[in-house]
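Asks: Mind looking over this structure? Questions follow.
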Amino acid sequence: MKHKLKYKLTNNLGLKLISVLAACVIWLLVMDNNDPVDTQAYKNISVTRTNEDTITNANKTYSVVDDTDKVNVYVTARRSVRSKLNISSFTVKADMENYNEALGSVPLEVSCSNPAVQQEQLRIQPSSLKINMEDKIEQNFGIVAKTTGETAKGTELGRVTVLTGDTIRIAGPQSLINIIGKVTVPVDITGKSTDSTDSYTIRIEDKNGTILNESQMSNLELKNMDGVVLKDNKAEVYTEIWNIYGDITLDAVLTGTPAEGYNVTAISVSPKTVNLVASEQAMRTLGHKLQIKDKFNIQGITENQTFQVDLNDTLDLYNNIRLEADMSSVVTVDVQVEEAGTRTVEYPVSELTLKNVPANKKLIFSPTDKILLSIQGEQGEYKVITEKDISAQIDLQQCRANGNYTLPVEVTLPEGYFLTSEVTIVVNVEDEEQEEEVELLTEG
């Protein structure tokens with residue numbers, strides 16, 4: 001029995017071996033077709049840097065050249081292995097202790113978290129981290145807040161204060177420090193209505209006005225003047241929002257007296273009121289009247305005087321108060337002076353009687369609203385008279401052609417009174433705009 005079994009196993013042994021080899025070859029062919037070996041790239045893998053203190057402790061700094069801190073890893077393996085890999089499967093390290101000064105680079109090491117991938121199956125490109133080594137310097141720079149947006153209605157930006165300080169220290173590569181032109185803190189005040197303290201990212205521009213990119217910023221250290229590093233390159237900013245206060249009355253103070261026999265009969269301030277932007281405390285101190293600091297000297301005058309002043313000169317005397325944005329600071333003060341027994345009456349232009357009005361002409365009067373009549377009594381006495389006691393007219397006979405005309409105003413006063421000066425008015429004559437007649441044509 002044993003001889004028969006042995007015979008069966010050894011019978012046609014060569015043929016059986018050939019069959020086994022053929023099966024292996026077929027299996028390999030099937031595997032190559034269904035699970036082929038190929039090379040696949042995994043791109044833009046970040047390089048992890050270690051032992052950077054070996055550079056910083058030597059008071060040196062470095063910057064990456066040619067974006068070599070992003071590499072591609074190539075894996076040569078079967079598809080079944082490659083399909084289980086992604087970017088996070090790889091770790092690429094640059095040990096800064098291995099810096100080669102002659103080459104200006106650090107060799108890179110790559111590893112894979114999947115044990116099915118052998119080291120010899122990995123290839124990395126570029127194979128080294130190229131760096132530019134420089135001396136590290138530190139320099140002071142002024143920093144200012146730069147606001148954008150508009151505050152809530154009825155308010156304006158009062159003041160912004162960089163709590164970190166007006167100056168900061170910036171440390172980094174000498175070549176990068178040398179190109180810094182401006183350091184600002186962008187502050188968005190859109191919709192703000194109350195005071196607040198917030199953190200904002202510091203923005204650095206080069207001397208051409210170009211904002212430093214993320215890579216450049218990563219090579220800088222920003223500190224306050226005490227040497228404390230600013231976390232996330234941010235500065236604290238205190239923003240004050242002030243209210244707008246309307247209808248603040250302006251008050252003018254005269255000095256001196258008119259000439260003998262003359263009196264001040266009216267003081268007119270234009271504008272009469274202004275809008276101010278101020279803190280609450282400042283407005284409580286000011287109240288609702290602003291006295292102009294300029295003293296208006298009328299010593300010895302015998303005729304009306306007009307003064308023009310800049311209101312900002314007055315506001316400069318107060319803390320935390322200013323004019324509302326886009327409001328003119330020019331203030332006009334008119335002082336009306338009349339001889340004793342003389343009074344000025346305002347007569348409405350609309351009450352003038354017009355004689356010989358030209359046809360189809362548009363008339364524009366200057367002044368538009370009123371003319372001033374300086375009236376005196378025959379004995380130097382004056383009783384109160386009003387426009388109702390007066391009549392006035394102008395003759396437009398000569399105003400037939402377009403142009404400007406200065407015409408005398410004929411004034412009739414109550415008995416015993418006369419005008420101290422001639423009264424005139426300017427009339428601008430233009431063609432009256434005629435409405436065009438449009439004939440409507442209809443089909444009959």
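Identifiers in this document derive from the order of the structure tokens: chains are assigned A, B, ..., residues are numbered from 1 separately in each chain, and ligands are numbered from 1 in order of occurrence.
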When you look at Leu352 of chain A with a cut-off of 8 Å (counting only C-alpha atoms), what residues show up, excluding the ones that are within fewer than 3 positions of it in the same chain? I need them as a PyMOL selection string.
Replies: chain A and resi 348-349+391-394
Asks: Give me the residues near Leu250 of chain A as a list of chain:residue names, where near means some atom within 10 Å (using only C-alpha atoms) and where sequence neighbours in that chain fewer than 3 positions away do not count.
Replies: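 Contacts, in chain order: A:Asp247, A:Val269, A:Ser270, A:Pro271, A:Lys272, A:Thr273, A:Val274, A:His288, A:Lys289, A:Leu290, A:Gln291, A:Ile292, A:Leu311, A:Val331.
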Asks: With distances taken over only C-alpha atoms, which residue among A:Gly104, A:Pro36, A:Gly261, A:Gly300 lies nearest Thr342 of chain A?
Replies: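 Ranked by minimum distance to Thr342 of chain A, first place goes to A:Gly261.
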Asks: Just the residues within 8 Å of Ile364 of chain A, please, counting only C-alpha atoms, with nothing from its chain fewer than 5 positions along; format it as a short mmCIF file (atom, residue, chain, number, x, y, z; two decimals) with N, CA and C atoms, in the first residue's frame.
Replies:
```cif
data_model
loop_
_atom_site.label_atom_id
_atom_site.label_comp_id
_atom_site.auth_asym_id
_atom_site.auth_seq_id
_atom_site.Cartn_x
_atom_site.Cartn_y
_atom_site.Cartn_z
N VAL A 427 -31.22 144.14 -9.66
CA VAL A 427 -32.20 143.31 -10.35
C VAL A 427 -31.51 142.61 -11.51
N ASN A 428 -31.62 141.29 -11.55
CA ASN A 428 -31.11 140.50 -12.67
C ASN A 428 -32.28 140.16 -13.57
N VAL A 429 -32.17 140.48 -14.87
CA VAL A 429 -33.26 140.27 -15.81
C VAL A 429 -32.86 139.14 -16.78
#
```
Asks: When distances are computed from only C-alpha atoms, which of A:Asn59, A:Gln376, A:Asn320, A:Asn297 shows the smallest separation from Thr344 of chain A?
Replies: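 Distance minimum relative to Thr344 of chain A lands on A:Gln376.
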Asks: Give me, as an MDAnalysis selection string, all polymer residues having an atom no more than 12 Å from Glu410 of chain A, counting only C-alpha atoms and skipping those fewer than 3 positions away in the same chain.
Replies: chainID A and resid 352:355 373 390:395 407 413 418:419 421:425
Asks: Write out as a VMD selection string all residues of segment 119-360 of chain A that backbone DSSP assigns to strand (DSSP E or B).
Replies: chain A and resid 122 to 125 128 to 142 144 to 148 155 to 162 167 to 173 180 to 188 196 to 201 203 to 206 211 221 to 223 229 234 to 255 262 to 270 273 to 278 289 to 297 305 to 310 321 to 323 330 to 339 342 to 348 353 to 355
Asks: Considering only C-alpha atoms, return as a list of chain:residue names whatever protein or nucleic-acid residues lie within 8 Å of Thr39 of chain A, sequence-local ones (same chain, fewer than 6 positions apart) excluded.
Replies: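 The residues satisfying every condition are A:Tyr74, A:Val75, A:Thr76, A:Ala77.
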Asks: Between A:Asn275, A:Thr56, A:Thr249, A:Ser196, which one has atoms that come closest to Gly172 of chain A, using only C-alpha atoms?
Replies: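 Under the stated criterion, the closest residue is A:Thr56.
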Asks: Would you kindly return, as an MDAnalysis selection string, each protein, DNA or RNA residue with an atom no farther than 12 Å from any atom of segment 93-95 of chain A, considering only C-alpha atoms and excluding same-chain residues fewer than 3 positions away?
Replies: chainID A and resid 45:55 64 68:71 90 98:100 105:112 124 126:131
Asks: What does the file look like for those residues with C-alpha atoms, as a tab-separated table (two decimals), in the first residue's frame?
Replies:
```tsv
chain	number	residue	atom	x	y	z
A	45	ILE	CA	3.37	68.39	2.31
A	46	SER	CA	4.55	70.84	4.96
A	47	VAL	CA	8.02	70.43	6.42
A	48	THR	CA	8.25	70.20	10.21
A	49	ARG	CA	11.31	71.98	11.59
A	50	THR	CA	12.98	70.75	14.76
A	51	ASN	CA	15.76	72.11	17.01
A	52	GLU	CA	15.27	75.67	15.76
A	53	ASP	CA	16.74	76.91	19.01
A	54	THR	CA	20.20	75.99	17.69
A	55	ILE	CA	19.80	78.96	15.34
A	64	VAL	CA	13.01	79.65	3.69
A	68	THR	CA	11.20	74.53	-0.12
A	69	ASP	CA	9.17	74.07	3.09
A	70	LYS	CA	6.50	72.48	0.87
A	71	VAL	CA	7.56	69.19	-0.71
A	90	PHE	CA	3.67	61.32	5.76
A	98	ASN	CA	22.01	69.44	10.49
A	99	TYR	CA	22.27	72.80	8.74
A	100	ASN	CA	24.99	72.72	6.09
A	105	SER	CA	20.39	73.87	3.31
A	106	VAL	CA	19.09	71.28	5.76
A	107	PRO	CA	18.55	67.64	4.59
A	108	LEU	CA	14.97	66.37	4.81
A	109	GLU	CA	13.80	63.08	6.28
A	110	VAL	CA	10.49	61.46	5.34
A	111	SER	CA	8.55	58.68	7.10
A	112	CYS	CA	5.19	57.01	6.50
A	124	ILE	CA	11.12	63.25	-1.62
A	126	PRO	CA	13.11	68.68	-3.03
A	127	SER	CA	15.34	66.65	-0.77
A	128	SER	CA	16.54	69.57	1.35
A	129	LEU	CA	15.21	72.73	2.95
A	130	LYS	CA	16.99	75.74	1.48
A	131	ILE	CA	17.37	78.60	3.93
```
Asks: I'd like the contact shell of Ser63 of chain A - 10 Å cut-off, only C-alpha atoms, skipping same-chain residues fewer than 4 positions apart - returned as a PyMOL selection string.
Replies: chain A and resi 67+130-134+172-173+176+215-216+218-219
Asks: Mind dumping the selected residues with all heavy atoms as a CSV table (one decimal), in the first residue's frame?
Replies:
```
chain,number,residue,atom,x,y,z
A,67,ASP,N,10.3,78.4,-1.4
A,67,ASP,CA,9.2,77.6,-0.9
A,67,ASP,C,9.5,76.2,-0.7
A,67,ASP,O,8.7,75.3,-0.9
A,67,ASP,CB,8.0,77.7,-1.9
A,67,ASP,CG,7.4,79.1,-2.0
A,67,ASP,OD1,7.4,79.8,-0.9
A,67,ASP,OD2,7.0,79.5,-3.1
A,130,LYS,N,16.1,74.7,1.7
A,130,LYS,CA,17.0,75.7,1.5
A,130,LYS,C,16.6,76.9,2.3
A,130,LYS,O,15.5,77.4,2.4
A,130,LYS,CB,17.0,76.1,0.0
A,130,LYS,CG,17.5,75.1,-0.9
A,130,LYS,CD,17.4,75.5,-2.4
A,130,LYS,CE,17.9,74.4,-3.3
A,130,LYS,NZ,17.9,74.9,-4.7
A,131,ILE,N,17.6,77.5,3.0
A,131,ILE,CA,17.4,78.6,3.9
A,131,ILE,C,18.4,79.7,3.7
A,131,ILE,O,19.5,79.4,3.3
A,131,ILE,CB,17.3,78.2,5.4
A,131,ILE,CG1,18.7,77.6,5.9
A,131,ILE,CG2,16.2,77.2,5.7
A,131,ILE,CD1,18.7,77.3,7.4
A,132,ASN,N,18.0,80.9,4.1
A,132,ASN,CA,18.9,82.0,4.0
A,132,ASN,C,19.2,82.5,5.5
A,132,ASN,O,18.2,83.0,6.1
A,132,ASN,CB,18.3,83.2,3.2
A,132,ASN,CG,19.2,84.4,3.1
A,132,ASN,OD1,20.5,84.2,3.2
A,132,ASN,ND2,18.7,85.5,3.0
A,133,MET,N,20.4,82.3,6.0
A,133,MET,CA,20.7,82.6,7.4
A,133,MET,C,21.1,84.1,7.4
A,133,MET,O,21.9,84.5,6.6
A,133,MET,CB,21.8,81.7,7.8
A,133,MET,CG,22.0,81.8,9.3
A,133,MET,SD,20.8,80.8,10.3
A,133,MET,CE,21.4,79.1,9.9
A,134,GLU,N,20.6,84.8,8.5
A,134,GLU,CA,21.0,86.2,8.6
A,134,GLU,C,21.1,86.5,10.1
A,134,GLU,O,20.7,85.8,11.0
A,134,GLU,CB,19.9,87.1,8.1
A,134,GLU,CG,19.7,87.1,6.6
A,134,GLU,CD,18.7,88.2,6.2
A,134,GLU,OE1,19.0,89.3,6.3
A,134,GLU,OE2,17.6,87.8,5.8
A,172,GLY,N,13.8,90.5,13.8
A,172,GLY,CA,13.8,89.6,12.7
A,172,GLY,C,15.0,89.8,11.8
A,172,GLY,O,16.0,90.4,12.2
A,173,PRO,N,15.0,89.1,10.6
A,173,PRO,CA,16.2,89.2,9.7
A,173,PRO,C,16.4,90.7,9.3
A,173,PRO,O,15.5,91.5,9.1
A,173,PRO,CB,15.7,88.4,8.5
A,173,PRO,CG,14.6,87.6,9.0
A,173,PRO,CD,13.9,88.3,10.1
A,176,LEU,N,14.8,92.0,6.2
A,176,LEU,CA,13.4,92.2,6.3
A,176,LEU,C,13.1,93.5,7.2
A,176,LEU,O,12.2,94.3,6.8
A,176,LEU,CB,12.7,91.0,6.9
A,176,LEU,CG,11.2,91.0,7.0
A,176,LEU,CD1,10.6,91.2,5.6
A,176,LEU,CD2,10.7,89.6,7.5
A,215,SER,N,4.4,84.6,5.1
A,215,SER,CA,5.7,84.0,5.3
A,215,SER,C,6.7,85.0,5.9
A,215,SER,O,7.5,84.7,6.8
A,215,SER,CB,6.2,83.5,3.9
A,215,SER,OG,7.5,83.0,4.0
A,216,GLN,N,6.6,86.2,5.4
A,216,GLN,CA,7.5,87.3,6.0
A,216,GLN,C,7.1,87.6,7.4
A,216,GLN,O,8.0,87.7,8.3
A,216,GLN,CB,7.3,88.6,5.1
A,216,GLN,CG,7.9,88.5,3.7
A,216,GLN,CD,7.6,89.7,2.9
A,216,GLN,OE1,6.5,90.1,2.8
A,216,GLN,NE2,8.6,90.2,2.3
A,218,SER,N,5.9,85.6,9.6
A,218,SER,CA,6.3,84.5,10.4
A,218,SER,C,7.8,84.6,10.9
A,218,SER,O,8.2,83.9,11.8
A,218,SER,CB,6.1,83.1,9.7
A,218,SER,OG,6.9,83.0,8.6
A,219,ASN,N,8.6,85.4,10.2
A,219,ASN,CA,10.0,85.6,10.5
A,219,ASN,C,10.2,86.8,11.4
A,219,ASN,O,11.3,87.1,11.7
A,219,ASN,CB,10.8,85.7,9.2
A,219,ASN,CG,10.9,84.5,8.4
A,219,ASN,OD1,11.1,83.4,9.0
A,219,ASN,ND2,10.8,84.5,7.1
```
Asks: Run DSSP on the backbone of this structure and report the residues of segment 245-431 of chain A it assigns to alpha helix (DSSP H), as a ChimeraX atom specification.
Replies: /A:280-286,311-315
Asks: Take the selection from the previous step and output its residues with C-alpha atoms, as an mmCIF file, in the first residue's frame.
Replies:
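Done, and the output landed in again_25.cif:
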```
data_model
loop_
_atom_site.group_PDB
_atom_site.id
_atom_site.type_symbol
_atom_site.label_atom_id
_atom_site.label_comp_id
_atom_site.auth_asym_id
_atom_site.auth_seq_id
_atom_site.Cartn_x
_atom_site.Cartn_y
_atom_site.Cartn_z
ATOM 1 C CA GLU A 280 -20.447 113.339 27.662
ATOM 2 C CA GLN A 281 -18.169 114.807 30.315
ATOM 3 C CA ALA A 282 -17.002 117.571 27.977
ATOM 4 C CA MET A 283 -20.575 118.568 27.103
ATOM 5 C CA ARG A 284 -21.595 118.654 30.758
ATOM 6 C CA THR A 285 -18.785 121.138 31.303
ATOM 7 C CA LEU A 286 -19.650 123.250 28.248
ATOM 8 C CA LEU A 311 -14.295 128.533 15.430
ATOM 9 C CA ASN A 312 -11.577 125.890 15.730
ATOM 10 C CA ASP A 313 -9.457 128.450 17.571
ATOM 11 C CA THR A 314 -12.122 128.460 20.284
ATOM 12 C CA LEU A 315 -12.655 124.701 20.319
#
```
